[in-house]
Amino acid sequence: MNSCNWEAIDSFQSYSEYKHFCVWIKSQLDEGLIEELPVLDYYISAQLDEKWFKCKGTKEIWRLVPPDTPF
């Protein structure tokens, strides 16, 4: 674990799980624990709603890629 309490997620089990995770990430943004960064190198395509976040405590950068159906 790190100061932002993040760990890798290999896949989301449902779209609602992904949406719940997005709410949690937004709460970290609102609390000032993380910042959103511009995407420099897309994982698959610029058409996806990929987001990059930096943990302010550790300076780690993580990417969030929306799930492909059927999850």
# chains A, B, ... in the order shown; residues from 1 in each chain; ligands from 1
>>> residues_around(residues="Trp62 in chain A", least_positions_apart="2", cutoff="9 Å", atoms="only C-alpha atoms", output="number ranges by chain")
A: 6, 8, 51-55, 60, 64
>>> write_last_selection(atoms="C-alpha atoms", output="short mmCIF file (atom, residue, chain, number, x, y, z; two decimals), in the first residue's frame")
data_model
loop_
_atom_site.label_atom_id
_atom_site.label_comp_id
_atom_site.auth_asym_id
_atom_site.auth_seq_id
_atom_site.Cartn_x
_atom_site.Cartn_y
_atom_site.Cartn_z
CA TRP A 6 -3.97 2.44 -3.94
CA ALA A 8 -3.52 -2.41 -8.81
CA LYS A 51 -7.30 9.19 -16.80
CA TRP A 52 -3.97 9.56 -15.02
CA PHE A 53 -3.62 10.44 -11.35
CA LYS A 54 -0.65 11.30 -9.15
CA CYS A 55 -0.59 10.53 -5.45
CA GLU A 60 3.38 7.73 -7.94
CA LEU A 64 -7.36 4.41 -14.83
#
>>> residues_around(residues="Phe21 in chain A", least_positions_apart="6", cutoff="10 Å", atoms="only C-alpha atoms", output="ChimeraX atom specification")
/A:12,15,27,64
>>> write_last_selection(atoms="C-alpha atoms", output="PDB file, in the first residue's frame")
ATOM      1  CA  PHE A  12     -13.516  -4.632 -12.695  1.00  0.00           C
ATOM      2  CA  TYR A  15     -19.655  -1.447 -14.637  1.00  0.00           C
ATOM      3  CA  SER A  27     -13.332  11.880  -3.260  1.00  0.00           C
ATOM      4  CA  LEU A  64      -7.363   4.406 -14.830  1.00  0.00           C
TER       5      LEU A  64
END
>>> closest_residue(among="A:Asn5, A:Leu48, A:Leu40, A:Gly32", to="Pro67 in chain A", atoms="only C-alpha atoms")
A:Leu48
>>> residues_around(residues="Lys59 in chain A", least_positions_apart="4", cutoff="12 Å", atoms="only C-alpha atoms", output="mmCIF file with all heavy atoms, in the first residue's frame")
data_model
loop_
_atom_site.group_PDB
_atom_site.id
_atom_site.type_symbol
_atom_site.label_atom_id
_atom_site.label_comp_id
_atom_site.auth_asym_id
_atom_site.auth_seq_id
_atom_site.Cartn_x
_atom_site.Cartn_y
_atom_site.Cartn_z
ATOM 1 N N ASN A 2 0.274 2.347 -0.371
ATOM 2 C CA ASN A 2 0.976 3.623 -0.364
ATOM 3 C C ASN A 2 0.112 4.648 0.359
ATOM 4 O O ASN A 2 -0.976 4.328 0.826
ATOM 5 C CB ASN A 2 1.314 4.053 -1.799
ATOM 6 C CG ASN A 2 0.088 4.031 -2.678
ATOM 7 O OD1 ASN A 2 -0.979 4.464 -2.277
ATOM 8 N ND2 ASN A 2 0.216 3.512 -3.881
ATOM 9 N N SER A 3 0.568 5.870 0.430
ATOM 10 C CA SER A 3 -0.156 6.879 1.210
ATOM 11 C C SER A 3 -1.537 7.210 0.642
ATOM 12 O O SER A 3 -2.382 7.733 1.349
ATOM 13 C CB SER A 3 0.683 8.148 1.356
ATOM 14 O OG SER A 3 0.912 8.733 0.090
ATOM 15 N N CYS A 4 -1.768 6.918 -0.624
ATOM 16 C CA CYS A 4 -3.094 7.148 -1.216
ATOM 17 C C CYS A 4 -3.974 5.913 -1.108
ATOM 18 O O CYS A 4 -5.119 5.932 -1.545
ATOM 19 C CB CYS A 4 -2.957 7.573 -2.678
ATOM 20 S SG CYS A 4 -2.334 9.253 -2.836
ATOM 21 N N LEU A 33 -5.788 14.778 -1.983
ATOM 22 C CA LEU A 33 -4.777 13.737 -1.825
ATOM 23 C C LEU A 33 -4.087 13.400 -3.138
ATOM 24 O O LEU A 33 -2.953 12.923 -3.140
ATOM 25 C CB LEU A 33 -5.419 12.461 -1.258
ATOM 26 C CG LEU A 33 -6.069 12.587 0.106
ATOM 27 C CD1 LEU A 33 -6.808 11.304 0.458
ATOM 28 C CD2 LEU A 33 -5.018 12.904 1.160
ATOM 29 N N ILE A 34 -4.788 13.632 -4.239
ATOM 30 C CA ILE A 34 -4.260 13.294 -5.555
ATOM 31 C C ILE A 34 -4.525 14.443 -6.513
ATOM 32 O O ILE A 34 -5.312 15.348 -6.222
ATOM 33 C CB ILE A 34 -4.888 11.989 -6.105
ATOM 34 C CG1 ILE A 34 -6.393 12.170 -6.360
ATOM 35 C CG2 ILE A 34 -4.647 10.832 -5.171
ATOM 36 C CD1 ILE A 34 -7.055 10.982 -7.034
ATOM 37 N N GLU A 35 -3.869 14.383 -7.651
ATOM 38 C CA GLU A 35 -4.170 15.341 -8.708
ATOM 39 C C GLU A 35 -4.291 14.586 -10.025
ATOM 40 O O GLU A 35 -3.631 13.559 -10.225
ATOM 41 C CB GLU A 35 -3.124 16.437 -8.798
ATOM 42 C CG GLU A 35 -1.748 15.962 -9.188
ATOM 43 C CD GLU A 35 -0.745 17.108 -9.257
ATOM 44 O OE1 GLU A 35 -0.887 17.979 -10.142
ATOM 45 O OE2 GLU A 35 0.180 17.103 -8.429
ATOM 46 N N GLU A 36 -5.146 15.083 -10.904
ATOM 47 C CA GLU A 36 -5.296 14.480 -12.211
ATOM 48 C C GLU A 36 -4.270 15.096 -13.150
ATOM 49 O O GLU A 36 -4.045 16.310 -13.136
ATOM 50 C CB GLU A 36 -6.705 14.693 -12.755
ATOM 51 C CG GLU A 36 -6.964 13.919 -14.022
ATOM 52 C CD GLU A 36 -8.421 13.897 -14.448
ATOM 53 O OE1 GLU A 36 -9.287 14.342 -13.676
ATOM 54 O OE2 GLU A 36 -8.668 13.418 -15.564
ATOM 55 N N LEU A 37 -3.643 14.256 -13.955
ATOM 56 C CA LEU A 37 -2.616 14.694 -14.899
ATOM 57 C C LEU A 37 -3.119 14.507 -16.325
ATOM 58 O O LEU A 37 -3.974 13.656 -16.579
ATOM 59 C CB LEU A 37 -1.347 13.856 -14.718
ATOM 60 C CG LEU A 37 -0.707 13.847 -13.343
ATOM 61 C CD1 LEU A 37 0.456 12.865 -13.317
ATOM 62 C CD2 LEU A 37 -0.239 15.242 -12.959
ATOM 63 N N PHE A 53 -3.596 9.779 -12.645
ATOM 64 C CA PHE A 53 -3.622 10.436 -11.345
ATOM 65 C C PHE A 53 -2.275 10.289 -10.670
ATOM 66 O O PHE A 53 -1.602 9.275 -10.811
ATOM 67 C CB PHE A 53 -4.699 9.803 -10.449
ATOM 68 C CG PHE A 53 -6.083 9.913 -11.018
ATOM 69 C CD1 PHE A 53 -6.643 8.865 -11.728
ATOM 70 C CD2 PHE A 53 -6.823 11.070 -10.859
ATOM 71 C CE1 PHE A 53 -7.916 8.958 -12.260
ATOM 72 C CE2 PHE A 53 -8.107 11.177 -11.386
ATOM 73 C CZ PHE A 53 -8.648 10.114 -12.092
ATOM 74 N N LYS A 54 -1.898 11.334 -9.922
ATOM 75 C CA LYS A 54 -0.654 11.302 -9.151
ATOM 76 C C LYS A 54 -0.984 11.414 -7.676
ATOM 77 O O LYS A 54 -1.715 12.320 -7.254
ATOM 78 C CB LYS A 54 0.277 12.445 -9.559
ATOM 79 C CG LYS A 54 1.584 12.428 -8.771
ATOM 80 C CD LYS A 54 2.617 13.382 -9.334
ATOM 81 C CE LYS A 54 2.345 14.779 -8.905
ATOM 82 N NZ LYS A 54 3.419 15.713 -9.267
ATOM 83 N N CYS A 55 -0.459 10.475 -6.902
ATOM 84 C CA CYS A 55 -0.589 10.525 -5.446
ATOM 85 C C CYS A 55 0.366 11.603 -4.944
ATOM 86 O O CYS A 55 1.566 11.552 -5.213
ATOM 87 C CB CYS A 55 -0.234 9.162 -4.849
ATOM 88 S SG CYS A 55 -0.248 9.133 -3.058
#
>>> residues_around(residues="Val65 in chain A", least_positions_apart="4", cutoff="10 Å", atoms="only C-alpha atoms", output="PyMOL selection string")
chain A and resi 11+18+42-44+48-52
>>> select_by_dssp(residues="chain A", states="strand (DSSP E or B)", output="compact mmCIF listing (two decimals) with N, CA and C atoms, in the first residue's frame")
# COMPACT_ATOMS: atom_id res chain seq x y z
N ILE A 34 -4.79 13.63 -4.24
CA ILE A 34 -4.26 13.29 -5.56
C ILE A 34 -4.53 14.44 -6.51
N GLU A 35 -3.87 14.38 -7.65
CA GLU A 35 -4.17 15.34 -8.71
C GLU A 35 -4.29 14.59 -10.03
N GLU A 36 -5.15 15.08 -10.90
CA GLU A 36 -5.30 14.48 -12.21
C GLU A 36 -4.27 15.10 -13.15
N LEU A 37 -3.64 14.26 -13.95
CA LEU A 37 -2.62 14.69 -14.90
C LEU A 37 -3.12 14.51 -16.32
N LYS A 51 -7.72 8.10 -17.68
CA LYS A 51 -7.30 9.19 -16.80
C LYS A 51 -6.02 8.79 -16.08
N TRP A 52 -5.19 9.78 -15.79
CA TRP A 52 -3.97 9.56 -15.02
C TRP A 52 -4.08 10.38 -13.73
N PHE A 53 -3.60 9.78 -12.65
CA PHE A 53 -3.62 10.44 -11.35
C PHE A 53 -2.27 10.29 -10.67
N LYS A 54 -1.90 11.33 -9.92
CA LYS A 54 -0.65 11.30 -9.15
C LYS A 54 -0.98 11.41 -7.68
N CYS A 55 -0.46 10.47 -6.90
CA CYS A 55 -0.59 10.53 -5.45
C CYS A 55 0.37 11.60 -4.94
N ILE A 61 2.44 7.76 -10.16
CA ILE A 61 1.44 8.05 -11.18
C ILE A 61 0.77 6.75 -11.58
N TRP A 62 -0.56 6.76 -11.55
CA TRP A 62 -1.36 5.59 -11.88
C TRP A 62 -2.33 5.96 -12.99
N ARG A 63 -2.68 4.99 -13.79
CA ARG A 63 -3.67 5.23 -14.85
C ARG A 63 -4.94 4.45 -14.55
N LEU A 64 -6.05 5.04 -14.96
CA LEU A 64 -7.36 4.41 -14.83
C LEU A 64 -7.93 4.27 -16.24
>>> select_by_dssp(residues="chain A", states="alpha helix (DSSP H)", output="PyMOL selection string")
chain A and resi 15-30
>>> atom_distance(atom1="CA of Ile25 in chain A", atom2="CA of Asp10 in chain A")
16.6 Å
>>> atom_distance(atom1="CA of Lys19 in chain A", atom2="CA of Pro66 in chain A")
9.4 Å
>>> atom_distance(atom1="CA of Thr58 in chain A", atom2="CA of Gln13 in chain A")
28.0 Å
>>> decode(residues="range 18-35 of chain A", atoms="N, CA, C and O atoms", output="JSON list (two decimals), in the first residue's frame")
[["chain", "number", "residue", "atom", "x", "y", "z"],
["A", 18, "TYR", "N", -16.84, -0.31, -11.36],
["A", 18, "TYR", "CA", -16.01, 0.74, -11.94],
["A", 18, "TYR", "C", -16.53, 2.13, -11.54],
["A", 18, "TYR", "O", -15.74, 2.99, -11.13],
["A", 19, "LYS", "N", -17.83, 2.35, -11.65],
["A", 19, "LYS", "CA", -18.41, 3.65, -11.28],
["A", 19, "LYS", "C", -18.19, 3.95, -9.80],
["A", 19, "LYS", "O", -17.90, 5.08, -9.42],
["A", 20, "HIS", "N", -18.33, 2.94, -8.95],
["A", 20, "HIS", "CA", -18.08, 3.11, -7.51],
["A", 20, "HIS", "C", -16.62, 3.51, -7.28],
["A", 20, "HIS", "O", -16.32, 4.39, -6.47],
["A", 21, "PHE", "N", -15.71, 2.89, -8.01],
["A", 21, "PHE", "CA", -14.29, 3.24, -7.90],
["A", 21, "PHE", "C", -14.07, 4.69, -8.33],
["A", 21, "PHE", "O", -13.30, 5.42, -7.70],
["A", 22, "CYS", "N", -14.73, 5.12, -9.40],
["A", 22, "CYS", "CA", -14.60, 6.50, -9.88],
["A", 22, "CYS", "C", -15.07, 7.50, -8.82],
["A", 22, "CYS", "O", -14.47, 8.58, -8.67],
["A", 23, "VAL", "N", -16.12, 7.16, -8.10],
["A", 23, "VAL", "CA", -16.60, 8.02, -7.01],
["A", 23, "VAL", "C", -15.53, 8.12, -5.92],
["A", 23, "VAL", "O", -15.26, 9.20, -5.39],
["A", 24, "TRP", "N", -14.89, 6.99, -5.61],
["A", 24, "TRP", "CA", -13.83, 6.98, -4.60],
["A", 24, "TRP", "C", -12.65, 7.84, -5.05],
["A", 24, "TRP", "O", -12.11, 8.63, -4.27],
["A", 25, "ILE", "N", -12.25, 7.71, -6.32],
["A", 25, "ILE", "CA", -11.15, 8.53, -6.85],
["A", 25, "ILE", "C", -11.52, 10.01, -6.79],
["A", 25, "ILE", "O", -10.70, 10.85, -6.41],
["A", 26, "LYS", "N", -12.77, 10.35, -7.13],
["A", 26, "LYS", "CA", -13.21, 11.75, -7.06],
["A", 26, "LYS", "C", -13.12, 12.27, -5.63],
["A", 26, "LYS", "O", -12.73, 13.42, -5.41],
["A", 27, "SER", "N", -13.44, 11.44, -4.65],
["A", 27, "SER", "CA", -13.33, 11.88, -3.26],
["A", 27, "SER", "C", -11.87, 12.16, -2.90],
["A", 27, "SER", "O", -11.58, 13.10, -2.15],
["A", 28, "GLN", "N", -10.94, 11.38, -3.43],
["A", 28, "GLN", "CA", -9.52, 11.65, -3.19],
["A", 28, "GLN", "C", -9.09, 12.97, -3.84],
["A", 28, "GLN", "O", -8.32, 13.72, -3.28],
["A", 29, "LEU", "N", -9.63, 13.23, -5.04],
["A", 29, "LEU", "CA", -9.36, 14.52, -5.70],
["A", 29, "LEU", "C", -9.90, 15.67, -4.86],
["A", 29, "LEU", "O", -9.20, 16.67, -4.63],
["A", 30, "ASP", "N", -11.15, 15.53, -4.41],
["A", 30, "ASP", "CA", -11.80, 16.58, -3.62],
["A", 30, "ASP", "C", -11.06, 16.85, -2.31],
["A", 30, "ASP", "O", -11.04, 17.98, -1.83],
["A", 31, "GLU", "N", -10.46, 15.80, -1.73],
["A", 31, "GLU", "CA", -9.72, 15.96, -0.47],
["A", 31, "GLU", "C", -8.30, 16.47, -0.69],
["A", 31, "GLU", "O", -7.58, 16.74, 0.27],
["A", 32, "GLY", "N", -7.88, 16.58, -1.95],
["A", 32, "GLY", "CA", -6.55, 17.09, -2.25],
["A", 32, "GLY", "C", -5.43, 16.07, -2.08],
["A", 32, "GLY", "O", -4.26, 16.44, -2.03],
["A", 33, "LEU", "N", -5.79, 14.78, -1.98],
["A", 33, "LEU", "CA", -4.78, 13.74, -1.83],
["A", 33, "LEU", "C", -4.09, 13.40, -3.14],
["A", 33, "LEU", "O", -2.95, 12.92, -3.14],
["A", 34, "ILE", "N", -4.79, 13.63, -4.24],
["A", 34, "ILE", "CA", -4.26, 13.29, -5.56],
["A", 34, "ILE", "C", -4.53, 14.44, -6.51],
["A", 34, "ILE", "O", -5.31, 15.35, -6.22],
["A", 35, "GLU", "N", -3.87, 14.38, -7.65],
["A", 35, "GLU", "CA", -4.17, 15.34, -8.71],
["A", 35, "GLU", "C", -4.29, 14.59, -10.03],
["A", 35, "GLU", "O", -3.63, 13.56, -10.22]]
